[in-house]
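S.K.: Next comes target30.cif, mmCIF, C-alpha atoms:
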data_start
#
loop_
_atom_site.label_atom_id
_atom_site.label_comp_id
_atom_site.auth_asym_id
_atom_site.auth_seq_id
_atom_site.Cartn_x
_atom_site.Cartn_y
_atom_site.Cartn_z
CA MET A 1 113.38 80.51 89.59
CA LYS A 2 115.85 81.89 87.03
CA ASP A 3 115.38 81.22 83.32
CA GLU A 4 118.64 79.30 83.17
CA ASP A 5 117.55 77.00 86.03
CA ILE A 6 114.24 76.31 84.30
CA ILE A 7 116.05 75.53 81.04
CA ARG A 8 118.40 73.11 82.79
CA LEU A 9 115.40 71.27 84.27
CA ILE A 10 113.59 71.22 80.91
CA LEU A 11 116.66 69.71 79.27
CA LYS A 12 116.69 67.04 82.00
CA GLY A 13 113.15 66.00 81.04
CA LYS A 14 110.80 68.35 82.89
CA SER A 15 109.31 69.75 79.68
CA ASP A 16 106.17 70.98 81.47
CA LEU A 17 108.28 73.84 82.91
CA TYR A 18 108.45 75.39 79.45
CA ALA A 19 104.98 76.80 80.20
CA GLU A 20 106.60 79.09 82.76
CA LEU A 21 108.96 80.52 80.14
CA ILE A 22 106.01 80.96 77.79
CA ASP A 23 104.17 82.88 80.51
CA ARG A 24 107.18 85.15 81.03
CA TYR A 25 107.94 85.95 77.40
CA SER A 26 104.96 85.29 75.14
CA GLY A 27 103.67 88.86 75.53
CA LYS A 28 106.96 90.40 74.40
CA VAL A 29 107.30 87.89 71.57
CA TYR A 30 103.73 88.68 70.49
CA SER A 31 104.49 92.40 70.56
CA THR A 32 107.51 91.87 68.32
CA ALA A 33 105.56 89.65 65.93
CA TYR A 34 102.65 92.09 65.79
CA SER A 35 105.03 94.94 64.98
CA TYR A 36 105.98 93.05 61.84
CA THR A 37 102.65 91.50 60.84
CA GLN A 38 100.17 94.20 61.93
CA ASN A 39 97.68 91.34 62.11
CA GLN A 40 96.61 89.66 65.35
CA GLU A 41 96.00 86.22 63.88
CA GLU A 42 99.26 86.14 61.94
CA ALA A 43 101.14 87.45 64.98
CA ARG A 44 99.68 84.65 67.15
CA ASP A 45 100.68 82.07 64.53
CA LEU A 46 104.16 83.54 64.37
CA VAL A 47 104.45 83.48 68.19
CA GLN A 48 103.58 79.78 68.21
CA GLU A 49 106.19 79.14 65.54
CA ILE A 50 108.82 81.13 67.48
CA LEU A 51 108.09 79.42 70.81
CA ILE A 52 108.18 75.97 69.21
CA LYS A 53 111.45 76.83 67.46
CA ALA A 54 112.90 78.06 70.76
CA TYR A 55 111.79 74.89 72.57
CA ASN A 56 113.25 72.66 69.88
CA ASN A 57 116.56 74.52 70.08
CA LEU A 58 116.87 74.91 73.87
CA HIS A 59 119.85 72.58 73.78
CA SER A 60 121.76 75.25 71.80
CA PHE A 61 121.10 77.99 74.38
CA LYS A 62 124.35 79.12 75.99
CA ALA A 63 123.98 80.72 79.40
CA GLU A 64 126.57 83.35 78.37
CA ALA A 65 123.69 85.55 77.22
CA LYS A 66 120.31 86.10 78.82
CA PHE A 67 117.53 83.78 77.68
CA SER A 68 115.45 86.81 76.67
CA THR A 69 118.22 87.95 74.30
CA TRP A 70 118.46 84.49 72.77
CA LEU A 71 114.66 84.32 72.38
CA TYR A 72 114.50 87.80 70.81
CA ARG A 73 117.11 86.73 68.28
CA ILE A 74 114.90 83.80 67.28
CA ALA A 75 111.85 86.07 67.21
CA VAL A 76 113.50 88.74 65.07
CA ASN A 77 114.90 86.19 62.63
CA SER A 78 111.50 84.50 62.35
CA CYS A 79 109.82 87.87 61.78
CA ILE A 80 112.33 88.77 59.07
CA ASP A 81 111.68 85.40 57.40
CA TRP A 82 107.93 86.08 57.65
CA SER A 83 108.45 89.51 56.03
CA ARG A 84 110.39 87.99 53.15
CA LYS A 85 107.69 85.38 52.55
CA ARG A 86 105.04 88.10 52.80
CA LYS A 87 106.81 90.23 50.19
CA SER A 88 106.71 87.28 47.82
CA LYS A 89 103.00 86.90 48.54
CA VAL A 90 102.39 90.61 47.87
CA ILE A 91 104.23 90.34 44.56
CA MET A 92 102.14 87.30 43.64
CA THR A 93 99.01 89.24 44.56
CA ALA A 94 100.08 92.20 42.45
CA LEU A 95 100.41 89.76 39.57
CA GLY A 96 96.88 88.56 40.28
CA TYR A 97 97.71 85.15 41.76
CA GLU A 98 96.17 85.35 45.24
CA ASP A 99 94.35 87.60 47.71
CA ALA A 100 96.25 89.62 50.29
CA ASN A 101 95.29 91.54 53.37
CA ILE A 102 98.34 93.66 54.20
CA PHE A 103 97.22 95.49 57.35
CA ASP A 104 94.32 95.04 59.74
CA SER A 105 93.08 97.99 61.71
CA ILE A 106 93.34 98.24 65.48
CA THR A 107 90.13 99.25 67.21
CA SER A 108 89.51 101.03 70.46
CA ASP A 109 86.30 102.15 72.10
CA THR A 110 87.87 104.43 74.73
CA GLU A 111 87.83 107.61 72.67
CA GLY A 112 85.53 109.73 70.54
CA PRO A 113 85.06 109.10 66.82
CA GLU A 114 87.23 112.04 65.69
CA GLU A 115 90.12 111.13 67.97
CA PHE A 116 89.80 107.50 66.93
CA VAL A 117 89.95 108.33 63.21
CA LEU A 118 92.89 110.68 63.69
CA ARG A 119 94.76 108.16 65.81
CA GLN A 120 94.06 105.40 63.26
CA GLU A 121 95.38 107.60 60.45
CA HIS A 122 98.54 108.30 62.44
CA LYS A 123 99.02 104.63 63.33
CA GLU A 124 98.47 103.63 59.72
CA ALA A 125 101.00 106.21 58.52
CA VAL A 126 103.58 105.01 61.05
CA ARG A 127 102.91 101.33 60.27
CA ASN A 128 103.22 101.96 56.54
CA ALA A 129 106.37 104.00 56.99
CA VAL A 130 108.05 101.43 59.24
CA SER A 131 106.90 98.61 56.97
CA SER A 132 108.46 100.29 53.95
CA LEU A 133 111.91 100.52 55.52
CA PRO A 134 114.67 98.04 54.70
CA GLU A 135 114.87 95.17 57.20
CA ILE A 136 118.01 96.47 58.94
CA TYR A 137 116.24 99.73 59.78
CA LYS A 138 112.82 98.25 60.47
CA THR A 139 114.24 95.76 62.95
CA VAL A 140 116.15 98.30 65.05
CA LEU A 141 113.14 100.66 65.13
CA ILE A 142 110.80 97.90 66.26
CA LEU A 143 113.16 96.68 68.96
CA TYR A 144 114.05 100.17 70.19
CA TYR A 145 110.68 101.93 70.08
CA PHE A 146 108.03 99.21 70.10
CA GLU A 147 109.83 96.75 72.37
CA GLU A 148 111.61 99.51 74.32
CA LEU A 149 114.92 97.67 74.40
CA GLN A 150 118.21 99.40 75.15
CA VAL A 151 120.81 99.76 72.40
CA GLN A 152 123.09 97.20 74.06
CA GLU A 153 120.27 94.66 74.20
CA ILE A 154 119.64 95.19 70.49
CA CYS A 155 123.37 94.70 69.85
CA ASN A 156 123.21 91.39 71.67
CA ILE A 157 120.07 90.25 69.86
CA LEU A 158 121.37 91.17 66.40
CA ASP A 159 124.95 90.20 67.22
CA SER A 160 126.19 93.55 65.91
CA PRO A 161 128.59 96.18 67.26
CA ARG A 162 127.08 99.08 69.21
CA LYS A 163 128.23 101.67 66.65
CA THR A 164 126.49 99.72 63.86
CA ILE A 165 123.20 99.63 65.76
CA GLU A 166 123.44 103.31 66.71
CA THR A 167 124.10 104.20 63.06
CA ARG A 168 121.19 102.09 61.84
CA LEU A 169 118.92 103.61 64.46
CA TYR A 170 119.99 107.13 63.52
CA ARG A 171 119.47 106.49 59.80
CA ALA A 172 116.18 104.69 60.37
CA LYS A 173 114.82 107.61 62.41
CA LYS A 174 115.93 110.05 59.72
CA VAL A 175 114.27 108.05 56.92
CA LEU A 176 111.14 107.44 58.99
CA LYS A 177 110.86 111.13 59.84
CA SER A 178 111.17 112.01 56.16
CA VAL A 179 108.51 109.50 55.13
CA LEU A 180 106.13 110.59 57.88
CA THR A 181 106.63 114.27 57.06
CA GLN A 182 105.39 113.53 53.56
CA GLU A 183 102.49 111.39 54.86
CA LEU A 184 101.18 113.75 57.54
CA SER A 185 100.27 117.35 57.00
CA GLY A 186 98.37 120.30 58.51
CA GLY A 187 99.80 120.23 62.02
CA GLU A 188 99.54 116.47 62.29
CA LEU A 189 103.30 115.97 62.56
CA TYR A 190 102.94 114.51 66.03
CA GLU A 191 105.93 113.42 68.03
CA LEU A 192 108.25 113.58 65.02
CA GLN A 193 110.50 115.94 66.91
CA ASN A 194 111.06 113.18 69.46
CA LEU A 195 112.32 110.69 66.90
#
Would you put the structure from the file into structure tokens?
M.R.:
Amino acid sequence: MKDEDIIRLILKGKSDLYAELIDRYSGKVYSTAYSYTQNQEEARDLVQEILIKAYNNLHSFKAEAKFSTWLYRIAVNSCIDWSRKRKSKVIMTALGYEDANIFDSITSDTEGPEEFVLRQEHKEAVRNAVSSLPEIYKTVLILYYFEELQVQEICNILDSPRKTIETRLYRAKKVLKSVLTQELSGGELYELQNL
């Protein structure tokens, strides 16, 4: 059944069908949220918030766009709001008002200790670099590289012209490459040529 058909039925009172949309999209929404939070628990909380917000606003969905595009727009906006709140929390922490845990590490037991440490250092450098970018650059990088969306899909999600998104993506890659070049050294400049 198409997303639009499910939404029509939900709006007619069959709210239990929302579970099917959750099954289809919660993984992608989680991936987007995790790209911003870098914390599994916070990403799960954010996903719940996003899916509830989407459910509560289903009546505003226009079938002109794909449901996935509409949902990504909600997800990205929620993630940007989360980032803004988080920055305030980091500032408060810097002033000594509360504890903060900025990034959690990702673990894997499928590789040797040296490869694991090297991969973790690379991931940390990339996470830090992406996290330090302004929102307009961070968002397009996350959607393009982490979510593997096409430029036109990103245009639809952000409601921006193609040229604007292409320019932001170009500038974001350039800034990210510069930051990572400074972070990584000694032959560790992996995959930067592909950015």
S.K.: A:Thr164, A:Ala125, A:Tyr145, A:Tyr55: which is nearest Asp16 in chain A, counting all atoms listed in the file?
M.R.: A:Tyr55
S.K.: Under the rule that all atoms listed in the file are counted, which of A:Lys177, A:Lys28, A:His59, A:Arg168 is the nearest residue to Leu9 in chain A?
M.R.: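 For Leu9 in chain A, the nearest of the given residues is A:His59.
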S.K.: Starting from the PyMOL selection byres ((chain A and resi 83) around 12), expand the selection into actual residues of this file and give them as a PyMOL selection string.
M.R.: chain A and resi 33-38+42-43+46+76-82+84-90+102+131-135+138-139
S.K.: Give the centre and edge lengths of an axis-aligned box, in Å to one decimal, that holds all listed atoms of range 128-141 of chain A with 4 Å on each side, as lines of an AutoDock Vina configuration file.
M.R.:
center_x = 110.6
center_y = 99.6
center_z = 59.5
size_x = 22.8
size_y = 16.8
size_z = 19.2
S.K.: Kindly indicate which residue among A:Thr181, A:Glu124, A:Asp3, A:Phe146 lies nearest to Lys62 in chain A, using all atoms listed in the file for the distances.
M.R.: A:Asp3
S.K.: Please, what distance in Å, to one decimal, runs between CA of Ile74 in chain A and CA of Ile50 in chain A?
M.R.: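 CA of Ile50 in chain A lies at a distance of 6.6 Å from CA of Ile74 in chain A.
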S.K.: Could you list, as a list in words, every residue within 8 Å of Val151 in chain A, counting only C-alpha atoms and ignoring same-chain residues fewer than 5 positions away?
M.R.: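 Near neighbours after the sequence-gap exclusion: Tyr144, Arg162, Ile165 and Glu166 of chain A.
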S.K.: Given all atoms listed in the file as the basis, pick out the residue of A:Ile136, A:Val29, A:Leu58, A:Val126 nearest to Arg44 in chain A.
M.R.: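 Using all atoms listed in the file, the shortest distance to Arg44 in chain A belongs to A:Val29.
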S.K.: I would like the residues chosen by the PyMOL selection byres ((chain A and resi 71) around 9) on the shown file; could you give them as a list in words?
M.R.: Tyr25, Val29, Ile50, Leu51, Ala54, Lys66, Phe67, Ser68, Thr69, Trp70, Tyr72, Arg73, Ile74, Ala75, Val76 and Ile157 of chain A
S.K.: Using only C-alpha atoms, which of the listed residues (A:Val179, A:Ala63, A:Ile6, A:Glu147) sits closest to Tyr30 in chain A?
M.R.: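 That would be A:Glu147, the residue with the smallest distance to Tyr30 in chain A.
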S.K.: List, as a PyMOL selection string, every residue that the PyMOL selection byres ((chain A and resi 17) around 12) selects in the file provided.
M.R.: chain A and resi 1-16+18-24+55
S.K.: Would you mind exporting C-alpha atoms of the selected residues as a PDB file, in the coordinates of the input?
M.R.:
ATOM      1  CA  MET A   1     113.380  80.510  89.590  1.00  0.00           C
ATOM      2  CA  LYS A   2     115.850  81.890  87.030  1.00  0.00           C
ATOM      3  CA  ASP A   3     115.380  81.220  83.320  1.00  0.00           C
ATOM      4  CA  GLU A   4     118.640  79.300  83.170  1.00  0.00           C
ATOM      5  CA  ASP A   5     117.550  77.000  86.030  1.00  0.00           C
ATOM      6  CA  ILE A   6     114.240  76.310  84.300  1.00  0.00           C
ATOM      7  CA  ILE A   7     116.050  75.530  81.040  1.00  0.00           C
ATOM      8  CA  ARG A   8     118.400  73.110  82.790  1.00  0.00           C
ATOM      9  CA  LEU A   9     115.400  71.270  84.270  1.00  0.00           C
ATOM     10  CA  ILE A  10     113.590  71.220  80.910  1.00  0.00           C
ATOM     11  CA  LEU A  11     116.660  69.710  79.270  1.00  0.00           C
ATOM     12  CA  LYS A  12     116.690  67.040  82.000  1.00  0.00           C
ATOM     13  CA  GLY A  13     113.150  66.000  81.040  1.00  0.00           C
ATOM     14  CA  LYS A  14     110.800  68.350  82.890  1.00  0.00           C
ATOM     15  CA  SER A  15     109.310  69.750  79.680  1.00  0.00           C
ATOM     16  CA  ASP A  16     106.170  70.980  81.470  1.00  0.00           C
ATOM     17  CA  TYR A  18     108.450  75.390  79.450  1.00  0.00           C
ATOM     18  CA  ALA A  19     104.980  76.800  80.200  1.00  0.00           C
ATOM     19  CA  GLU A  20     106.600  79.090  82.760  1.00  0.00           C
ATOM     20  CA  LEU A  21     108.960  80.520  80.140  1.00  0.00           C
ATOM     21  CA  ILE A  22     106.010  80.960  77.790  1.00  0.00           C
ATOM     22  CA  ASP A  23     104.170  82.880  80.510  1.00  0.00           C
ATOM     23  CA  ARG A  24     107.180  85.150  81.030  1.00  0.00           C
ATOM     24  CA  TYR A  55     111.790  74.890  72.570  1.00  0.00           C
TER      25      TYR A  55
END
S.K.: Which one of A:Ser60, A:Ala65, A:Thr167, A:Ser26 sits closest to Asp45 in chain A if you count only C-alpha atoms?
M.R.: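 Among the listed residues, the smallest separation from Asp45 in chain A belongs to A:Ser26.
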S.K.: To one decimal place, how far is CA of Leu158 in chain A from CA of Ser31 in chain A in Å?
M.R.: 17.4 Å
S.K.: What is the distance between CA of Asn39 in chain A and CA of Leu180 in chain A, in Å to one decimal?
M.R.: 21.4 Å
